[in-house]
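Chemist: Below is the structure I would like to discuss, written out as structure tokens.
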Amino acid sequence: MKIKITVLLGAVLAVLLIGSCSLFGGLSIEARIAQFVSDLNTSDRANIIENFSADGCDSYNLINDSNYWNDSNSPFDVTYRNFAVTGLTVSGDTATGTLTYNNGSNSSSIKFVLVNDGFIDGWKITEIWIDGTHQI
Amino acid sequence: MIKRIITVLVFINVVFGTYAQSADIVFIDGWVDLKTGGEIMEAFEGDILRTGDSVITGDDSYAELSQKNLSTIKVQPNSVFTITEKEGDGGKETVLSTTVGSVSYKFGKLFGKEPKIATPSTIAGVRGTEFTVYAAEDGSSLVAVTSGLVTVSSQGKSVDLTADEGVEVKAGEAPGEKFTLKGRELDFSSWNNEKYNVLVSNPVAGLKKLDKQLDQFLADIKDYSATLKEMKAQKDEFIAEWNKLKDSGDKDKAAAYFDKNLKPLDLKLGPLYLNVRYYSLSALSFRRYILGKLYVDLKGRYFAEPGNPVYTDFLSAYKRILGKFERTVVPYLNGNDI
């Protein structure tokens with residue numbers, strides 16, 4: 001009997017532990033955008049798609065493509081240097097700011113729309129607008 | 001009287017409208033597959049269908065989808081329904097596509113841009129109406145209207161459909177004569193079987209029609225990729241000039257040059273590239289569900305006589321089409337797509 005109770009308590013504790021980890025595992029909007037920018041600045045952008053919501057991003061299948069990210073097919077041209085987002089303002093599921101690149105020499109307005117993909121993943125990107133044009 | 005107009009443009013590429021970006025699966029009968037992110041899994045009620053995702057029904061299965069409780073989409077047995085997306089003049093545009101099978105739509109009153117409906121041979125814009133699209137395995141399409149008005153155009157010819165009217169568009173042809181539904185529901189299975197039997201009775205001739213269908217996708221890919229190539233060549237020139245300015249040490253001049261030349265080009269380049277991807281994925285879907293199915297079927301039918309001239313001629317034509325597909329479409333696909 002004691003063994004059963006111990007096993008049961010152990011299982012409950014494990015569930016609570018996993019649950020509490022999940023609660024704090026997801027990225028906030030600010031952290032997600034920071035991760036996206038960090039991935040933009042890596043030489044191999046293989047993981048950048050992880051910043052987008054597979055369910056929420058309408059362009060997900062289209063941008064799940066290394067040629068889009070690792071070539072010169074978009075404003076996120078892989079040869080441009082030092083992407084950064086400054087002056088980020090978050091309102092609900094939308095974040096706006098300034099995208100700077102080429103070591104701060106150039107800049108564009110940028111708007112992210114995000115969705116909360118759950119406790120584990122947290123916020124993920126669904127749309128990106130640059131200078132008022134819908135890019136993703 | 002509320003004016004309801006639907007325009008169906010057959011074999012003509014038009015600007016797609018935006019309306020639906022996702023659909024909830026609200027009812028499932030039997031085993032239904034959900035293809036998402038390169039994986040196929042069983043679909044369940046409550047699943048959300050997003051752009052690029054497909055619902056695939058089998059012999060005895062059925063799925064019903066709802067969009068923001070304003071419209072209903074009924075995916076009948078043996079159908080492949082996909083939500084796709086492309087870039088139009090007004091921004092991102094979602095297209096509801098029936099690659100094969102029968103899908104009924106009932107749209108409520110909507111605000112904003114009109115939704116678009118596609119089959120391998122048709123594109124339709126709809127508003128506040130009820131109709132069914134049938135896409136046969138030989139590339140033919142059939143539109144049957146329950147309420148509203150439909151204008152079907154193909155090869156320069158248009159046919160207006162009102163309530164209880166329908167029209168068939170054979171692969172690569174103008175719309176046929178319209179017919180009256182008289183309240184009866186069309187038997188998609190019989191119609192499709194009849195079409196498919198004709199197709200396999202002369203597979204080489206059938207393949208030519210399918211080839212023509214595929215050519216529509218390839219033409220779009222070629223058009224967009226040609227523009228993409230031109231823009232990238234121009235970008236290379238701009239980059240070279242920009243690098244010269246940077247090397248000269250005049251940072252302000254280089255930054256100004258970038259803002260004036262490269263930035264506006266980049267903003268167009270991204271959506272253009274994604275458009276090429278859109279048509280490439282559409283062509284892949286056509287190859288997978290129509291051409292591929294025909295190939296597998298004929299391989300089985302001629303298993304005992306692989307040297308039969310009908311089969312060898314078919315194989316020869318099929319390989320030629322695959323070659324064209326490999327050259328034009330595959331460069332824009334990746335492992336996630338396949």
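Each chain in the structure tokens gets a letter, A, B and so on, in the order shown; residues start at 1 in every chain, and ligands are counted from 1 in the order they appear.
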Could you tell me which residues of chain B sit within 8 Å of chain A when counting only C-alpha atoms, and give me the result as a VMD selection string?

Modeler: chain B and resid 21 to 22 37 48 to 52 85 91 to 92 232 251 to 252 255 258 to 259 263 266 to 267 269 to 271 273 to 274 277 to 278 333 to 334 336 to 337

Chemist: Can you list, as a ChimeraX atom specification, every residue of range 4-136 of chain A that DSSP puts in alpha helix (DSSP H)?

Modeler: /A:4-23,29-40,60-63,66-69

Chemist: Hey, can you check how far CA of Ser79 in chain B sits from CA of Thr151 in chain B?

Modeler: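 CA of Ser79 in chain B sits 24.4 Å away from CA of Thr151 in chain B.
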
Chemist: If you run DSSP on this backbone, which residues of range 31-278 of chain B come out as strand (DSSP E or B), and could you give them as an MDAnalysis selection string?

Modeler: chainID B and resid 32:36 39:42 48:50 54:57 62:67 71:75 80:88 91:107 116:118 122:125 130:135 141:147 150:154 157:161 165:169 175 179:180

Chemist: Between CA of Asp24 in chain B and CA of Glu39 in chain B, what is the distance in Å, rounded to a tenth?

Modeler: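 Pair CA of Asp24 in chain B / CA of Glu39 in chain B returns 18.5 Å.
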
Chemist: Write out as number ranges by chain each polymer residue whose atoms come within 9 Å of Val103 in chain B, counting only C-alpha atoms; drop sequence neighbours fewer than 6 positions from it.

Modeler: B: 73-76, 79-81, 131-135

Chemist: Please provide the set of residues having any atom within 7 Å of range 40-51 of chain A, restricted to only C-alpha atoms, with same-chain residues fewer than 3 positions apart removed, written as a ChimeraX atom specification.

Modeler: /A:32,36-37,64,66,69-70,82-83,124-125

Chemist: Need the shell around Arg301 in chain B: protein/DNA/RNA residues with any atom at most 12 Å away, counting only C-alpha atoms. Skip same-chain ones fewer than 5 positions apart. Format as an mmCIF file with all heavy atoms, in the first residue's frame?

Modeler:
```
data_model
loop_
_atom_site.group_PDB
_atom_site.id
_atom_site.type_symbol
_atom_site.label_atom_id
_atom_site.label_comp_id
_atom_site.auth_asym_id
_atom_site.auth_seq_id
_atom_site.Cartn_x
_atom_site.Cartn_y
_atom_site.Cartn_z
ATOM 1 N N VAL B 200 -8.308 6.718 -68.816
ATOM 2 C CA VAL B 200 -7.447 5.528 -68.856
ATOM 3 C C VAL B 200 -7.669 4.690 -70.116
ATOM 4 O O VAL B 200 -6.836 3.853 -70.450
ATOM 5 C CB VAL B 200 -7.627 4.634 -67.598
ATOM 6 C CG1 VAL B 200 -7.142 5.349 -66.358
ATOM 7 C CG2 VAL B 200 -9.060 4.180 -67.438
ATOM 8 N N SER B 201 -8.796 4.926 -70.815
ATOM 9 C CA SER B 201 -9.016 4.173 -72.056
ATOM 10 C C SER B 201 -8.039 4.636 -73.135
ATOM 11 O O SER B 201 -7.702 3.885 -74.048
ATOM 12 C CB SER B 201 -10.457 4.341 -72.537
ATOM 13 O OG SER B 201 -10.666 5.672 -72.960
ATOM 14 N N PRO B 203 -4.793 6.634 -72.353
ATOM 15 C CA PRO B 203 -3.986 7.386 -71.380
ATOM 16 C C PRO B 203 -3.047 8.411 -72.001
ATOM 17 O O PRO B 203 -2.772 9.440 -71.382
ATOM 18 C CB PRO B 203 -3.208 6.292 -70.643
ATOM 19 C CG PRO B 203 -3.283 5.080 -71.478
ATOM 20 C CD PRO B 203 -4.544 5.179 -72.276
ATOM 21 N N LEU B 294 -2.631 8.556 -61.579
ATOM 22 C CA LEU B 294 -2.816 7.938 -62.891
ATOM 23 C C LEU B 294 -1.664 6.965 -63.185
ATOM 24 O O LEU B 294 -1.886 5.846 -63.679
ATOM 25 C CB LEU B 294 -2.871 9.032 -63.973
ATOM 26 C CG LEU B 294 -3.033 8.551 -65.409
ATOM 27 C CD1 LEU B 294 -4.363 7.817 -65.597
ATOM 28 C CD2 LEU B 294 -2.943 9.726 -66.385
ATOM 29 N N TYR B 295 -0.458 7.386 -62.862
ATOM 30 C CA TYR B 295 0.710 6.533 -63.098
ATOM 31 C C TYR B 295 0.605 5.215 -62.318
ATOM 32 O O TYR B 295 0.815 4.129 -62.867
ATOM 33 C CB TYR B 295 1.988 7.294 -62.707
ATOM 34 C CG TYR B 295 3.204 6.412 -62.623
ATOM 35 C CD1 TYR B 295 3.826 5.945 -63.778
ATOM 36 C CD2 TYR B 295 3.718 6.026 -61.387
ATOM 37 C CE1 TYR B 295 4.937 5.114 -63.702
ATOM 38 C CE2 TYR B 295 4.836 5.202 -61.305
ATOM 39 C CZ TYR B 295 5.429 4.748 -62.466
ATOM 40 O OH TYR B 295 6.529 3.928 -62.384
ATOM 41 N N VAL B 296 0.270 5.347 -61.037
ATOM 42 C CA VAL B 296 0.177 4.145 -60.196
ATOM 43 C C VAL B 296 -0.930 3.227 -60.706
ATOM 44 O O VAL B 296 -0.764 1.994 -60.776
ATOM 45 C CB VAL B 296 -0.094 4.551 -58.725
ATOM 46 C CG1 VAL B 296 -0.440 3.337 -57.877
ATOM 47 C CG2 VAL B 296 1.125 5.263 -58.156
ATOM 48 N N PRO B 306 3.885 -5.250 -69.494
ATOM 49 C CA PRO B 306 4.631 -3.985 -69.484
ATOM 50 C C PRO B 306 5.084 -3.522 -70.868
ATOM 51 O O PRO B 306 5.442 -2.360 -71.040
ATOM 52 C CB PRO B 306 5.831 -4.284 -68.584
ATOM 53 C CG PRO B 306 5.979 -5.771 -68.604
ATOM 54 C CD PRO B 306 4.596 -6.318 -68.759
ATOM 55 N N ASN B 308 3.161 -3.544 -73.507
ATOM 56 C CA ASN B 308 2.011 -3.063 -74.274
ATOM 57 C C ASN B 308 2.286 -1.643 -74.779
ATOM 58 O O ASN B 308 2.640 -0.761 -73.984
ATOM 59 C CB ASN B 308 0.768 -3.077 -73.367
ATOM 60 C CG ASN B 308 -0.494 -2.750 -74.141
ATOM 61 O OD1 ASN B 308 -0.555 -1.757 -74.854
ATOM 62 N ND2 ASN B 308 -1.502 -3.602 -73.978
ATOM 63 N N VAL B 310 0.424 0.774 -75.532
ATOM 64 C CA VAL B 310 -0.344 1.836 -74.858
ATOM 65 C C VAL B 310 0.409 2.279 -73.601
ATOM 66 O O VAL B 310 0.569 3.475 -73.327
ATOM 67 C CB VAL B 310 -1.766 1.333 -74.478
ATOM 68 C CG1 VAL B 310 -2.488 2.376 -73.631
ATOM 69 C CG2 VAL B 310 -2.566 1.018 -75.727
ATOM 70 N N TYR B 311 0.904 1.279 -72.864
ATOM 71 C CA TYR B 311 1.608 1.579 -71.611
ATOM 72 C C TYR B 311 2.974 2.209 -71.874
ATOM 73 O O TYR B 311 3.362 3.174 -71.209
ATOM 74 C CB TYR B 311 1.757 0.289 -70.799
ATOM 75 C CG TYR B 311 2.398 0.497 -69.450
ATOM 76 C CD1 TYR B 311 1.847 1.382 -68.517
ATOM 77 C CD2 TYR B 311 3.552 -0.197 -69.102
ATOM 78 C CE1 TYR B 311 2.444 1.577 -67.281
ATOM 79 C CE2 TYR B 311 4.152 -0.006 -67.849
ATOM 80 C CZ TYR B 311 3.601 0.880 -66.952
ATOM 81 O OH TYR B 311 4.184 1.071 -65.722
#
```

Chemist: List the neighbours of Asn78 in chain B out to 8 Å using only C-alpha atoms; skip same-chain residues closer than 4 positions along the sequence, and give me the result as number ranges by chain.

Modeler: B: 56-61, 100-102

Chemist: Mind dumping the selected residues with N, CA, C and O atoms as a tab-separated table (two decimals), in the first residue's frame?

Modeler:
```
chain	number	residue	atom	x	y	z
B	56	ILE	N	-7.56	15.40	-46.68
B	56	ILE	CA	-7.67	14.35	-47.69
B	56	ILE	C	-8.69	13.33	-47.20
B	56	ILE	O	-8.48	12.70	-46.15
B	57	THR	N	-9.76	13.19	-47.95
B	57	THR	CA	-10.78	12.22	-47.56
B	57	THR	C	-10.65	10.96	-48.40
B	57	THR	O	-10.17	10.99	-49.53
B	58	GLY	N	-11.08	9.84	-47.83
B	58	GLY	CA	-11.01	8.56	-48.55
B	58	GLY	C	-12.37	8.15	-49.08
B	58	GLY	O	-13.30	8.96	-49.16
B	59	ASP	N	-12.48	6.86	-49.42
B	59	ASP	CA	-13.70	6.34	-50.03
B	59	ASP	C	-14.95	6.63	-49.19
B	59	ASP	O	-16.00	6.97	-49.71
B	60	ASP	N	-14.80	6.45	-47.89
B	60	ASP	CA	-15.98	6.54	-47.03
B	60	ASP	C	-15.85	7.64	-45.98
B	60	ASP	O	-16.44	7.54	-44.90
B	61	SER	N	-15.06	8.63	-46.25
B	61	SER	CA	-14.91	9.67	-45.22
B	61	SER	C	-15.32	11.04	-45.74
B	61	SER	O	-15.39	11.28	-46.95
B	100	VAL	N	-8.60	17.55	-56.33
B	100	VAL	CA	-9.42	16.49	-56.91
B	100	VAL	C	-10.58	16.24	-55.95
B	100	VAL	O	-10.47	16.44	-54.74
B	101	GLY	N	-11.71	15.83	-56.51
B	101	GLY	CA	-12.86	15.51	-55.68
B	101	GLY	C	-13.94	16.56	-55.72
B	101	GLY	O	-14.01	17.36	-56.66
B	102	SER	N	-14.75	16.58	-54.69
B	102	SER	CA	-15.91	17.45	-54.67
B	102	SER	C	-15.95	18.22	-53.35
B	102	SER	O	-15.89	17.63	-52.27
```

Chemist: Please indicate the distance in Å from CA of Glu168 in chain B to CA of Val143 in chain B, rounded to one decimal place.

Modeler: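 CA of Glu168 in chain B sits 6.6 Å away from CA of Val143 in chain B.
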
Chemist: Determine the nearest neighbour of Gly118 in chain A from the options A:Ile33, A:Asp39, A:Thr98, A:Ser53, counting only C-alpha atoms.

Modeler: A:Ser53

Chemist: What lies within 10 Å of Ala43 in chain B using only C-alpha atoms, ignoring chain neighbours under 3 positions off, as a count of residues only?

Modeler: 17
